[in-house]
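**Q** Below you'll find the structure I mean.
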Amino acid sequence: MTTVNEIPTTTLLITPVAGHIGAEITGIDLRTELSDQQVAEITSALHEYKVLFFRDQHIGHAEHIAFSRRFGAVTPSHPYDDDAPTEFQEILAVDSRLYEKRFGIKKYTYTNHWHTDVSALINPPAASLLRAEIAPARGGDTSWTNLAAAYNGLPESLKKFIEGLRAVHRFGGNRPAWNEESDYAKKVANAPLVTEHPVVRVHPVTGERVLFVNPGFTTHIVGLSPAQSEAVLQLLFDELSNPAYTVRFRWEKGSLAFWDNRATAHLAPSDLNHLDVTRVLYRTTLEGDIPVGVDGEPSRSIAGQQFTGA
């Protein structure tokens, strides 16, 4: 696929929206069944642009799941989720009305730190698909960053150093997003998710080398002292959050974002807590593979099992 301002295909229009990441897809109606050619074009665009945006797609849970299934096995909503609609266990509700009850504090999102979805799993999701049902009139945007571009932006000496490192990812990270007395905290403590991943993973489709750490879940680098680990991680976190590698998306009812979870991190909004507004989005996730480092070594589970779909 060549990169120009607007890329006409036989069925779709793919318009890049930022220098390193993101494209808007038009010329498609997600209420209808996709052709194999459309699936191939969207898949190719996803691998190139990392996150795809669709507008004015007024679909329900069943159509959301059906669209997701054209790109892989859809998992249950989340390892810790028990708020999914009973008839659609694949749907995660990102609902500001649920978070205070779930976490014991007022929140509009799970975490306000850059994160790759559930990277504490041995097989983090391959991709996530998030659609807006209720979007606030102002605020509530989501940002994504290209972790392959972040890796490529590092000097060669630093690339060589971090390619040999591994880091621990824990659900909740070093700064859990919930009240420690909440039922959610007890649920996580009773069934922890902890995995040792390569700091640089090789994307299983594109072969790109990807910086695979994030402030939301990565707790420390194996083999370094706490001070050394903190210093190296902060350097890498600063790099992945460089605005040059990012794109920001304004939600509206009917918007849908589809991102490659193996090559991105994203940042939920932090500008709503002082406002009396409602924000409701729904997410599906696609079953992921076990990450592999530059040395060919796969990730190692410390606690928790693979998370699989049907």
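Each chain of the structure tokens is named A, B, ... in the order shown, its residues numbered from 1; ligands are numbered from 1 in display order.
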Where does stretch 75-169 of chain A meet stretch 53-60 of chain A within 12 Å, residue by residue, with the nearest atom pair and distance in Å to one decimal for each, counting only C-alpha atoms, listed by chain and rising number, as a tab-separated table?
**A**
residue	atom	partner	partner_atom	distance
A:Pro85	CA	A:Gly60	CA	11.9
A:Phe88	CA	A:Gly60	CA	10.6
A:Ile91	CA	A:Gly60	CA	10.5
A:Leu129	CA	A:Phe53	CA	9.8
A:Leu130	CA	A:Phe53	CA	9.8
A:Arg131	CA	A:Gln57	CA	8.7
A:Ala132	CA	A:His58	CA	9.2
A:Glu133	CA	A:His58	CA	8.6
A:Ile134	CA	A:His58	CA	11.6
A:Thr142	CA	A:Phe53	CA	11.6
A:Ser143	CA	A:Phe53	CA	11.9
A:Trp144	CA	A:Phe53	CA	11.5
**Q** Tell me which of A:Leu235, A:Ala135, A:Asn146, A:Leu211 sits closest to A:Asp95, counting only C-alpha atoms.
**A**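 Once distances to A:Asp95 are computed over only C-alpha atoms, the minimum belongs to A:Ala135.
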**Q** DSSP on the backbone: what in stretch 65-246 of chain A comes out helix (DSSP H, G or I), as a PyMOL selection string?
**A** chain A and resi 65-69+96-103+147-152+156-162+183-190+226-240+243-245
**Q** If you count only C-alpha atoms, which residues fall within 9 Å of A:Val17, apart from same-chain ones fewer than 5 positions away, as a list in words?
**A**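 In the requested form, the answer reads Asn5, Gly22, Ala23, Glu24 and Val247 of chain A.
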**Q** Would you mind reading off the distance between atom CA of A:Arg70 and atom CA of A:Val39, one decimal, in Å?
**A**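 So the two atoms, atom CA of A:Arg70 and atom CA of A:Val39, lie 6.9 Å apart.
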**Q** For A:Leu236, which residue out of A:Ala18, A:Ala73, A:Ile122, A:Val213 is the nearest one, using only C-alpha atoms?
**A**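 Ranking A:Ala18, A:Ala73, A:Ile122, A:Val213 by distance to A:Leu236, first place goes to A:Val213.
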**Q** Using only C-alpha atoms, can you tell me which of A:Thr264, A:Gln228, A:Asn190, A:Ser255 comes closest to A:Arg209?
**A**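 Of A:Thr264, A:Gln228, A:Asn190, A:Ser255, the one nearest A:Arg209 is A:Thr264, counting only C-alpha atoms.
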**Q** Would you pick out the contacts of A:Arg279 at 12 Å or less, using only C-alpha atoms, so that residues sharing its chain but fewer than 4 positions from it are not included, and give the list as a short mmCIF file (atom, residue, chain, number, x, y, z; two decimals) with N, CA and C atoms, in the first residue's frame?
**A**
data_model
loop_
_atom_site.label_atom_id
_atom_site.label_comp_id
_atom_site.auth_asym_id
_atom_site.auth_seq_id
_atom_site.Cartn_x
_atom_site.Cartn_y
_atom_site.Cartn_z
N ALA A 93 -17.64 -2.79 28.90
CA ALA A 93 -18.24 -1.47 29.02
C ALA A 93 -17.23 -0.50 29.63
N VAL A 94 -16.82 0.48 28.86
CA VAL A 94 -15.97 1.57 29.36
C VAL A 94 -16.93 2.70 29.72
N ASP A 95 -17.51 2.59 30.89
CA ASP A 95 -18.66 3.41 31.27
C ASP A 95 -18.34 4.18 32.54
N SER A 96 -18.33 5.50 32.44
CA SER A 96 -18.01 6.33 33.61
C SER A 96 -18.96 6.08 34.77
N ARG A 97 -20.15 5.60 34.49
CA ARG A 97 -21.14 5.36 35.55
C ARG A 97 -20.80 4.12 36.38
N LEU A 98 -19.96 3.23 35.82
CA LEU A 98 -19.60 2.00 36.52
C LEU A 98 -18.34 2.12 37.35
N TYR A 99 -17.46 3.05 36.98
CA TYR A 99 -16.13 3.05 37.55
C TYR A 99 -16.08 3.36 39.04
N LYS A 107 -13.94 8.02 38.56
CA LYS A 107 -13.06 7.89 37.40
C LYS A 107 -13.90 7.89 36.13
N TYR A 108 -13.25 8.28 35.04
CA TYR A 108 -13.89 8.19 33.73
C TYR A 108 -13.25 7.12 32.86
N THR A 109 -12.10 6.61 33.30
CA THR A 109 -11.40 5.57 32.55
C THR A 109 -10.73 4.64 33.54
N ARG A 131 -15.80 1.45 20.45
CA ARG A 131 -16.78 2.32 19.81
C ARG A 131 -17.48 3.19 20.85
N ALA A 132 -17.87 4.38 20.43
CA ALA A 132 -18.50 5.34 21.33
C ALA A 132 -20.01 5.26 21.23
N GLU A 133 -20.66 5.17 22.39
CA GLU A 133 -22.12 5.22 22.48
C GLU A 133 -22.57 6.57 23.01
N ILE A 134 -21.91 7.06 24.07
CA ILE A 134 -22.18 8.39 24.62
C ILE A 134 -20.86 9.12 24.75
N ALA A 135 -20.70 10.21 24.01
CA ALA A 135 -19.47 11.00 24.06
C ALA A 135 -19.79 12.38 24.62
N PRO A 136 -18.95 12.88 25.54
CA PRO A 136 -19.21 14.21 26.09
C PRO A 136 -19.06 15.29 25.03
N ALA A 137 -19.72 16.41 25.24
CA ALA A 137 -19.67 17.51 24.27
C ALA A 137 -18.28 18.11 24.17
N ARG A 138 -17.52 18.02 25.25
CA ARG A 138 -16.13 18.46 25.20
C ARG A 138 -15.30 17.53 26.06
N GLY A 139 -14.03 17.39 25.68
CA GLY A 139 -13.13 16.53 26.43
C GLY A 139 -13.34 15.05 26.13
N GLY A 140 -12.54 14.22 26.78
CA GLY A 140 -12.69 12.77 26.67
C GLY A 140 -11.97 12.14 25.48
N ASP A 141 -11.03 12.86 24.85
CA ASP A 141 -10.30 12.32 23.71
C ASP A 141 -9.37 11.19 24.15
N TRP A 251 -13.92 11.70 20.08
CA TRP A 251 -15.03 10.77 20.02
C TRP A 251 -16.36 11.46 19.73
N GLU A 252 -17.18 10.80 18.94
CA GLU A 252 -18.57 11.16 18.72
C GLU A 252 -19.38 9.87 18.74
N LYS A 253 -20.66 9.96 19.01
CA LYS A 253 -21.50 8.76 18.95
C LYS A 253 -21.36 8.14 17.56
N ALA A 268 -5.86 7.26 27.88
CA ALA A 268 -7.25 7.66 28.10
C ALA A 268 -7.29 9.08 28.65
N PRO A 269 -8.44 9.73 28.59
CA PRO A 269 -8.51 11.14 28.99
C PRO A 269 -8.41 11.35 30.49
N ASP A 271 -9.25 14.72 31.54
CA ASP A 271 -9.79 16.09 31.60
C ASP A 271 -11.27 16.14 31.94
N LEU A 272 -11.82 15.03 32.49
CA LEU A 272 -13.26 15.00 32.71
C LEU A 272 -13.68 14.96 34.18
N ASN A 273 -12.75 14.66 35.08
CA ASN A 273 -13.15 14.40 36.46
C ASN A 273 -13.82 15.58 37.14
N LEU A 275 -15.93 17.51 35.57
CA LEU A 275 -17.15 17.80 34.83
C LEU A 275 -18.23 16.78 35.17
#
**Q** Fewer than 6 positions away in the same chain doesn't count, so skip those; otherwise give me all residues within 7 Å of A:Thr116, counting only C-alpha atoms, as a compact mmCIF listing (two decimals) with N, CA, C and O atoms, in the first residue's frame.
**A**
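Once everything was written out, this is result16.txt:
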# COMPACT_ATOMS: atom_id res chain seq x y z
N ASN A 214 5.30 -0.06 29.07
CA ASN A 214 4.32 1.02 29.20
C ASN A 214 4.13 1.38 30.67
O ASN A 214 4.25 0.52 31.55
N ASN A 261 -2.73 -3.70 19.09
CA ASN A 261 -2.27 -3.64 20.48
C ASN A 261 -0.84 -4.11 20.64
O ASN A 261 -0.21 -3.89 21.67
N THR A 264 1.24 -0.53 19.70
CA THR A 264 0.79 0.78 20.19
C THR A 264 0.62 0.76 21.71
O THR A 264 0.49 -0.30 22.33
N ALA A 265 0.61 1.94 22.26
CA ALA A 265 0.07 2.19 23.60
C ALA A 265 -0.93 3.32 23.44
O ALA A 265 -0.89 4.06 22.45
N HIS A 266 -1.85 3.45 24.36
CA HIS A 266 -2.82 4.54 24.26
C HIS A 266 -3.02 5.20 25.61
O HIS A 266 -2.68 4.65 26.66
**Q** Determine the nearest neighbour of A:Asp81 from the options A:His274, A:Lys187, A:Lys50, A:Arg262, counting only C-alpha atoms.
**A**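 Selected residue with least distance to A:Asp81: A:Lys187.
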**Q** Quick one: residues within 12 Å of A:Thr43, only C-alpha atoms counted, chain neighbours fewer than 5 positions away excluded, as an mmCIF file with all heavy atoms, in the first residue's frame?
**A**
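Writing the result to result_15.cif gives the following:
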data_model
loop_
_atom_site.group_PDB
_atom_site.id
_atom_site.type_symbol
_atom_site.label_atom_id
_atom_site.label_comp_id
_atom_site.auth_asym_id
_atom_site.auth_seq_id
_atom_site.Cartn_x
_atom_site.Cartn_y
_atom_site.Cartn_z
ATOM 1 N N MET A 1 0.851 -1.183 0.000
ATOM 2 C CA MET A 1 0.000 0.000 0.000
ATOM 3 C C MET A 1 0.892 1.240 0.000
ATOM 4 O O MET A 1 1.743 1.409 0.868
ATOM 5 C CB MET A 1 -0.885 -0.007 1.244
ATOM 6 C CG MET A 1 -1.885 1.125 1.301
ATOM 7 S SD MET A 1 -2.862 1.023 2.823
ATOM 8 C CE MET A 1 -3.616 -0.576 2.620
ATOM 9 N N ILE A 14 -8.713 5.301 2.463
ATOM 10 C CA ILE A 14 -7.854 5.248 3.640
ATOM 11 C C ILE A 14 -7.049 6.538 3.680
ATOM 12 O O ILE A 14 -6.210 6.783 2.807
ATOM 13 C CB ILE A 14 -6.916 4.022 3.589
ATOM 14 C CG1 ILE A 14 -7.745 2.740 3.470
ATOM 15 C CG2 ILE A 14 -6.012 3.982 4.815
ATOM 16 C CD1 ILE A 14 -6.937 1.501 3.170
ATOM 17 N N ILE A 25 -10.854 5.567 7.932
ATOM 18 C CA ILE A 25 -11.421 4.690 6.911
ATOM 19 C C ILE A 25 -12.834 5.165 6.587
ATOM 20 O O ILE A 25 -13.682 5.287 7.473
ATOM 21 C CB ILE A 25 -11.485 3.225 7.400
ATOM 22 C CG1 ILE A 25 -10.122 2.745 7.892
ATOM 23 C CG2 ILE A 25 -12.024 2.328 6.286
ATOM 24 C CD1 ILE A 25 -9.072 2.627 6.834
ATOM 25 N N ASP A 36 -14.079 -10.272 1.628
ATOM 26 C CA ASP A 36 -12.717 -10.690 1.952
ATOM 27 C C ASP A 36 -11.712 -9.618 1.536
ATOM 28 O O ASP A 36 -10.700 -9.404 2.218
ATOM 29 C CB ASP A 36 -12.390 -12.009 1.252
ATOM 30 C CG ASP A 36 -13.171 -13.182 1.823
ATOM 31 O OD1 ASP A 36 -13.731 -13.050 2.944
ATOM 32 O OD2 ASP A 36 -13.241 -14.230 1.158
ATOM 33 N N GLN A 37 -11.987 -8.934 0.435
ATOM 34 C CA GLN A 37 -11.093 -7.886 -0.019
ATOM 35 C C GLN A 37 -11.073 -6.716 0.966
ATOM 36 O O GLN A 37 -10.012 -6.163 1.277
ATOM 37 C CB GLN A 37 -11.496 -7.382 -1.404
ATOM 38 C CG GLN A 37 -10.550 -6.302 -1.952
ATOM 39 C CD GLN A 37 -10.903 -5.890 -3.370
ATOM 40 O OE1 GLN A 37 -11.738 -6.523 -4.022
ATOM 41 N NE2 GLN A 37 -10.265 -4.846 -3.850
ATOM 42 N N GLN A 38 -12.231 -6.341 1.487
ATOM 43 C CA GLN A 38 -12.284 -5.268 2.477
ATOM 44 C C GLN A 38 -11.515 -5.656 3.741
ATOM 45 O O GLN A 38 -10.782 -4.840 4.307
ATOM 46 C CB GLN A 38 -13.732 -4.939 2.822
ATOM 47 C CG GLN A 38 -14.485 -4.203 1.734
ATOM 48 C CD GLN A 38 -15.952 -4.028 2.096
ATOM 49 O OE1 GLN A 38 -16.598 -4.957 2.593
ATOM 50 N NE2 GLN A 38 -16.488 -2.843 1.836
ATOM 51 N N GLU A 48 0.011 -1.041 8.856
ATOM 52 C CA GLU A 48 0.810 0.110 8.436
ATOM 53 C C GLU A 48 0.606 1.307 9.341
ATOM 54 O O GLU A 48 1.580 1.971 9.732
ATOM 55 C CB GLU A 48 0.467 0.493 7.001
ATOM 56 C CG GLU A 48 1.292 1.675 6.496
ATOM 57 C CD GLU A 48 1.177 1.898 5.005
ATOM 58 O OE1 GLU A 48 0.496 1.092 4.329
ATOM 59 O OE2 GLU A 48 1.771 2.875 4.508
ATOM 60 N N TYR A 49 -0.649 1.608 9.694
ATOM 61 C CA TYR A 49 -0.955 2.843 10.421
ATOM 62 C C TYR A 49 -1.220 2.632 11.906
ATOM 63 O O TYR A 49 -1.380 3.599 12.639
ATOM 64 C CB TYR A 49 -2.147 3.543 9.760
ATOM 65 C CG TYR A 49 -1.846 3.940 8.340
ATOM 66 C CD1 TYR A 49 -2.417 3.262 7.273
ATOM 67 C CD2 TYR A 49 -0.955 4.971 8.073
ATOM 68 C CE1 TYR A 49 -2.119 3.608 5.959
ATOM 69 C CE2 TYR A 49 -0.641 5.326 6.767
ATOM 70 C CZ TYR A 49 -1.235 4.646 5.728
ATOM 71 O OH TYR A 49 -0.920 4.988 4.431
ATOM 72 N N LYS A 50 -1.307 1.400 12.364
ATOM 73 C CA LYS A 50 -1.398 1.013 13.777
ATOM 74 C C LYS A 50 -2.757 1.258 14.426
ATOM 75 O O LYS A 50 -3.169 0.481 15.289
ATOM 76 C CB LYS A 50 -0.321 1.701 14.633
ATOM 77 C CG LYS A 50 1.082 1.712 14.030
ATOM 78 C CD LYS A 50 1.584 0.360 13.605
ATOM 79 C CE LYS A 50 3.010 0.434 13.103
ATOM 80 N NZ LYS A 50 3.405 -0.763 12.344
ATOM 81 N N VAL A 51 -3.446 2.355 14.074
ATOM 82 C CA VAL A 51 -4.796 2.585 14.585
ATOM 83 C C VAL A 51 -5.636 3.172 13.464
ATOM 84 O O VAL A 51 -5.178 4.053 12.722
ATOM 85 C CB VAL A 51 -4.801 3.502 15.835
ATOM 86 C CG1 VAL A 51 -4.141 4.839 15.573
ATOM 87 C CG2 VAL A 51 -6.226 3.708 16.358
ATOM 88 N N LEU A 52 -6.860 2.636 13.322
ATOM 89 C CA LEU A 52 -7.780 3.066 12.277
ATOM 90 C C LEU A 52 -9.028 3.662 12.919
ATOM 91 O O LEU A 52 -9.522 3.160 13.931
ATOM 92 C CB LEU A 52 -8.183 1.878 11.396
ATOM 93 C CG LEU A 52 -7.032 1.082 10.775
ATOM 94 C CD1 LEU A 52 -7.580 -0.103 9.980
ATOM 95 C CD2 LEU A 52 -6.157 1.963 9.889
ATOM 96 N N SER A 68 -15.543 -7.509 14.535
ATOM 97 C CA SER A 68 -14.288 -7.904 15.177
ATOM 98 C C SER A 68 -13.848 -9.297 14.740
ATOM 99 O O SER A 68 -12.657 -9.532 14.491
ATOM 100 C CB SER A 68 -14.449 -7.860 16.704
ATOM 101 O OG SER A 68 -14.868 -6.586 17.153
ATOM 102 N N ARG A 70 -14.060 -10.819 12.036
ATOM 103 C CA ARG A 70 -13.458 -10.933 10.717
ATOM 104 C C ARG A 70 -11.931 -10.787 10.782
ATOM 105 O O ARG A 70 -11.230 -11.084 9.808
ATOM 106 C CB ARG A 70 -14.021 -9.865 9.764
ATOM 107 C CG ARG A 70 -15.483 -10.028 9.408
ATOM 108 C CD ARG A 70 -15.822 -11.409 8.840
ATOM 109 N NE ARG A 70 -14.962 -11.803 7.728
ATOM 110 C CZ ARG A 70 -15.190 -11.526 6.446
ATOM 111 N NH1 ARG A 70 -16.266 -10.821 6.122
ATOM 112 N NH2 ARG A 70 -14.381 -11.945 5.503
ATOM 113 N N PHE A 71 -11.414 -10.357 11.938
ATOM 114 C CA PHE A 71 -9.981 -10.097 12.055
ATOM 115 C C PHE A 71 -9.276 -10.993 13.079
ATOM 116 O O PHE A 71 -8.074 -10.870 13.274
ATOM 117 C CB PHE A 71 -9.754 -8.619 12.415
ATOM 118 C CG PHE A 71 -10.338 -7.691 11.399
ATOM 119 C CD1 PHE A 71 -11.629 -7.194 11.555
ATOM 120 C CD2 PHE A 71 -9.635 -7.345 10.258
ATOM 121 C CE1 PHE A 71 -12.188 -6.354 10.597
ATOM 122 C CE2 PHE A 71 -10.187 -6.516 9.301
ATOM 123 C CZ PHE A 71 -11.470 -6.016 9.470
ATOM 124 N N GLY A 72 -10.023 -11.891 13.707
ATOM 125 C CA GLY A 72 -9.408 -12.807 14.660
ATOM 126 C C GLY A 72 -10.408 -13.317 15.671
ATOM 127 O O GLY A 72 -11.595 -12.969 15.642
ATOM 128 N N ALA A 127 -5.346 -7.014 19.180
ATOM 129 C CA ALA A 127 -5.970 -5.756 18.755
ATOM 130 C C ALA A 127 -7.176 -5.485 19.631
ATOM 131 O O ALA A 127 -7.725 -6.389 20.272
ATOM 132 C CB ALA A 127 -6.384 -5.829 17.289
ATOM 133 N N VAL A 205 3.639 -10.179 12.517
ATOM 134 C CA VAL A 205 3.206 -10.038 11.121
ATOM 135 C C VAL A 205 4.175 -9.172 10.327
ATOM 136 O O VAL A 205 4.647 -9.566 9.269
ATOM 137 C CB VAL A 205 1.779 -9.444 11.051
ATOM 138 C CG1 VAL A 205 1.361 -9.245 9.591
ATOM 139 C CG2 VAL A 205 0.786 -10.337 11.771
ATOM 140 N N THR A 206 4.482 -7.995 10.830
ATOM 141 C CA THR A 206 5.309 -7.048 10.070
ATOM 142 C C THR A 206 6.795 -7.263 10.253
ATOM 143 O O THR A 206 7.598 -6.787 9.443
ATOM 144 C CB THR A 206 4.983 -5.603 10.476
ATOM 145 O OG1 THR A 206 5.411 -5.386 11.843
ATOM 146 C CG2 THR A 206 3.492 -5.328 10.372
ATOM 147 N N PHE A 258 -9.887 1.130 15.952
ATOM 148 C CA PHE A 258 -9.405 -0.249 15.824
ATOM 149 C C PHE A 258 -7.884 -0.164 15.832
ATOM 150 O O PHE A 258 -7.291 0.395 14.922
ATOM 151 C CB PHE A 258 -9.951 -0.819 14.498
ATOM 152 C CG PHE A 258 -9.568 -2.243 14.176
ATOM 153 C CD1 PHE A 258 -8.908 -3.078 15.066
ATOM 154 C CD2 PHE A 258 -9.889 -2.760 12.917
ATOM 155 C CE1 PHE A 258 -8.581 -4.385 14.736
ATOM 156 C CE2 PHE A 258 -9.567 -4.057 12.568
ATOM 157 C CZ PHE A 258 -8.916 -4.878 13.475
ATOM 158 N N TRP A 259 -7.246 -0.672 16.902
ATOM 159 C CA TRP A 259 -5.794 -0.512 16.969
ATOM 160 C C TRP A 259 -5.058 -1.832 17.161
ATOM 161 O O TRP A 259 -5.564 -2.782 17.728
ATOM 162 C CB TRP A 259 -5.407 0.470 18.060
ATOM 163 C CG TRP A 259 -5.695 0.113 19.485
ATOM 164 C CD1 TRP A 259 -4.863 -0.516 20.372
ATOM 165 C CD2 TRP A 259 -6.893 0.407 20.218
ATOM 166 N NE1 TRP A 259 -5.459 -0.629 21.604
ATOM 167 C CE2 TRP A 259 -6.698 -0.062 21.544
ATOM 168 C CE3 TRP A 259 -8.100 1.048 19.896
ATOM 169 C CZ2 TRP A 259 -7.674 0.050 22.520
ATOM 170 C CZ3 TRP A 259 -9.068 1.167 20.870
ATOM 171 C CH2 TRP A 259 -8.853 0.673 22.168
ATOM 172 N N ASP A 260 -3.829 -1.848 16.646
ATOM 173 C CA ASP A 260 -2.916 -2.978 16.790
ATOM 174 C C ASP A 260 -2.287 -2.871 18.170
ATOM 175 O O ASP A 260 -1.401 -2.046 18.398
ATOM 176 C CB ASP A 260 -1.850 -2.928 15.692
ATOM 177 C CG ASP A 260 -0.959 -4.168 15.673
ATOM 178 O OD1 ASP A 260 -0.890 -4.861 16.713
ATOM 179 O OD2 ASP A 260 -0.322 -4.426 14.638
#
**Q** So how far away is atom CA of A:Thr284 from atom CA of A:Glu90, in Å?
**A**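 We find that atom CA of A:Glu90 and atom CA of A:Thr284 lie 6.1 Å from each other.
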**Q** Please, which residues in stretch 57-157 of chain A fall within 10 Å of stretch 289-307 of chain A when counting only C-alpha atoms, and what is the closest atom pair and distance in Å to one decimal for each, ordered by chain then residue number, as CSV?
**A**
residue,atom,partner,partner_atom,distance
A:Thr75,CA,A:Phe307,CA,7.1
A:Pro76,CA,A:Phe307,CA,8.3
A:His78,CA,A:Phe307,CA,8.8
A:Pro79,CA,A:Phe307,CA,7.4
A:Ala120,CA,A:Gly304,CA,8.8
A:Leu121,CA,A:Gln306,CA,6.8
A:Ile122,CA,A:Ser301,CA,5.4
A:Asn123,CA,A:Ile290,CA,4.5
A:Pro124,CA,A:Asp289,CA,7.0
A:Pro125,CA,A:Asp289,CA,7.6
A:Ala126,CA,A:Asp289,CA,6.9
**Q** Please report the interatomic distance between atom CA of A:Leu267 and atom CA of A:Phe249 in Å with one decimal.
**A**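 It comes out at 10.6 Å.
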**Q** Could you give me the residues within stretch 134-209 of chain A that DSSP places in strand (DSSP E), as a list in words?
**A**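 DSSP-assigned strand (DSSP E) residues in stretch 134-209 of chain A: Ile134, Thr142, Ser143, Trp144, Thr145, Asn146, Arg166, Ala167, Val168, His169, Arg170, Val194, Thr195, Glu196, His197, Pro198, Val200, Arg201, Val202 and Arg209 of chain A.
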**Q** Please dump the current selection as a CSV table (one decimal), in the first residue's frame; keep N, CA, C and O atoms.
**A**
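Writing done, so here's out02.csv:
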chain,number,residue,atom,x,y,z
A,134,ILE,N,-21.9,7.1,24.1
A,134,ILE,CA,-22.2,8.4,24.6
A,134,ILE,C,-20.9,9.1,24.7
A,134,ILE,O,-20.0,8.7,25.5
A,142,THR,N,-9.0,10.3,23.2
A,142,THR,CA,-8.0,9.2,23.4
A,142,THR,C,-6.9,9.5,22.5
A,142,THR,O,-7.1,9.9,21.3
A,143,SER,N,-5.7,9.2,23.0
A,143,SER,CA,-4.5,9.3,22.1
A,143,SER,C,-3.8,7.9,22.0
A,143,SER,O,-3.9,7.1,22.9
A,144,TRP,N,-3.1,7.7,20.9
A,144,TRP,CA,-2.3,6.5,20.6
A,144,TRP,C,-0.9,6.9,20.3
A,144,TRP,O,-0.7,8.0,19.7
A,145,THR,N,0.0,6.0,20.5
A,145,THR,CA,1.4,6.2,20.1
A,145,THR,C,1.9,5.0,19.4
A,145,THR,O,1.6,3.8,19.7
A,146,ASN,N,2.8,5.2,18.4
A,146,ASN,CA,3.4,4.1,17.6
A,146,ASN,C,4.7,3.6,18.3
A,146,ASN,O,5.7,4.3,18.3
A,166,ARG,N,14.6,-7.7,29.7
A,166,ARG,CA,13.2,-8.2,29.9
A,166,ARG,C,12.6,-7.4,31.1
A,166,ARG,O,13.4,-7.0,32.0
A,167,ALA,N,11.3,-7.2,31.0
A,167,ALA,CA,10.7,-6.4,32.0
A,167,ALA,C,9.4,-7.1,32.5
A,167,ALA,O,8.8,-7.9,31.8
A,168,VAL,N,9.1,-6.9,33.8
A,168,VAL,CA,7.9,-7.5,34.4
A,168,VAL,C,6.7,-6.5,34.2
A,168,VAL,O,6.8,-5.3,34.5
A,169,HIS,N,5.6,-7.1,33.7
A,169,HIS,CA,4.3,-6.4,33.6
A,169,HIS,C,3.3,-7.0,34.6
A,169,HIS,O,3.1,-8.2,34.6
A,170,ARG,N,2.7,-6.2,35.4
A,170,ARG,CA,1.8,-6.6,36.5
A,170,ARG,C,0.5,-5.8,36.3
A,170,ARG,O,0.5,-4.6,36.1
A,194,VAL,N,0.8,-11.5,36.0
A,194,VAL,CA,2.1,-11.0,36.0
A,194,VAL,C,2.9,-11.8,35.0
A,194,VAL,O,2.9,-13.0,34.9
A,195,THR,N,3.6,-11.1,34.1
A,195,THR,CA,4.4,-11.7,33.0
A,195,THR,C,5.7,-11.0,32.8
A,195,THR,O,5.8,-9.7,32.9
A,196,GLU,N,6.7,-11.7,32.5
A,196,GLU,CA,8.0,-11.2,32.1
A,196,GLU,C,8.1,-11.2,30.5
A,196,GLU,O,8.1,-12.2,29.9
A,197,HIS,N,8.1,-9.9,30.0
A,197,HIS,CA,8.1,-9.8,28.5
A,197,HIS,C,9.5,-9.2,28.1
A,197,HIS,O,10.1,-8.5,28.9
A,198,PRO,N,9.8,-9.4,26.8
A,198,PRO,CA,11.0,-8.7,26.3
A,198,PRO,C,10.7,-7.2,26.2
A,198,PRO,O,9.6,-6.8,25.9
A,200,VAL,N,11.9,-5.3,24.0
A,200,VAL,CA,11.7,-5.1,22.6
A,200,VAL,C,11.1,-6.4,22.0
A,200,VAL,O,11.8,-7.4,22.1
A,201,ARG,N,9.9,-6.3,21.5
A,201,ARG,CA,9.3,-7.5,20.9
A,201,ARG,C,9.3,-7.4,19.4
A,201,ARG,O,9.4,-6.3,18.8
A,202,VAL,N,9.3,-8.5,18.7
A,202,VAL,CA,9.2,-8.5,17.2
A,202,VAL,C,7.8,-8.8,16.8
A,202,VAL,O,7.2,-9.7,17.2
A,209,ARG,N,10.5,-4.2,15.0
A,209,ARG,CA,10.9,-4.2,16.4
A,209,ARG,C,10.1,-3.1,17.1
A,209,ARG,O,10.1,-2.0,16.6
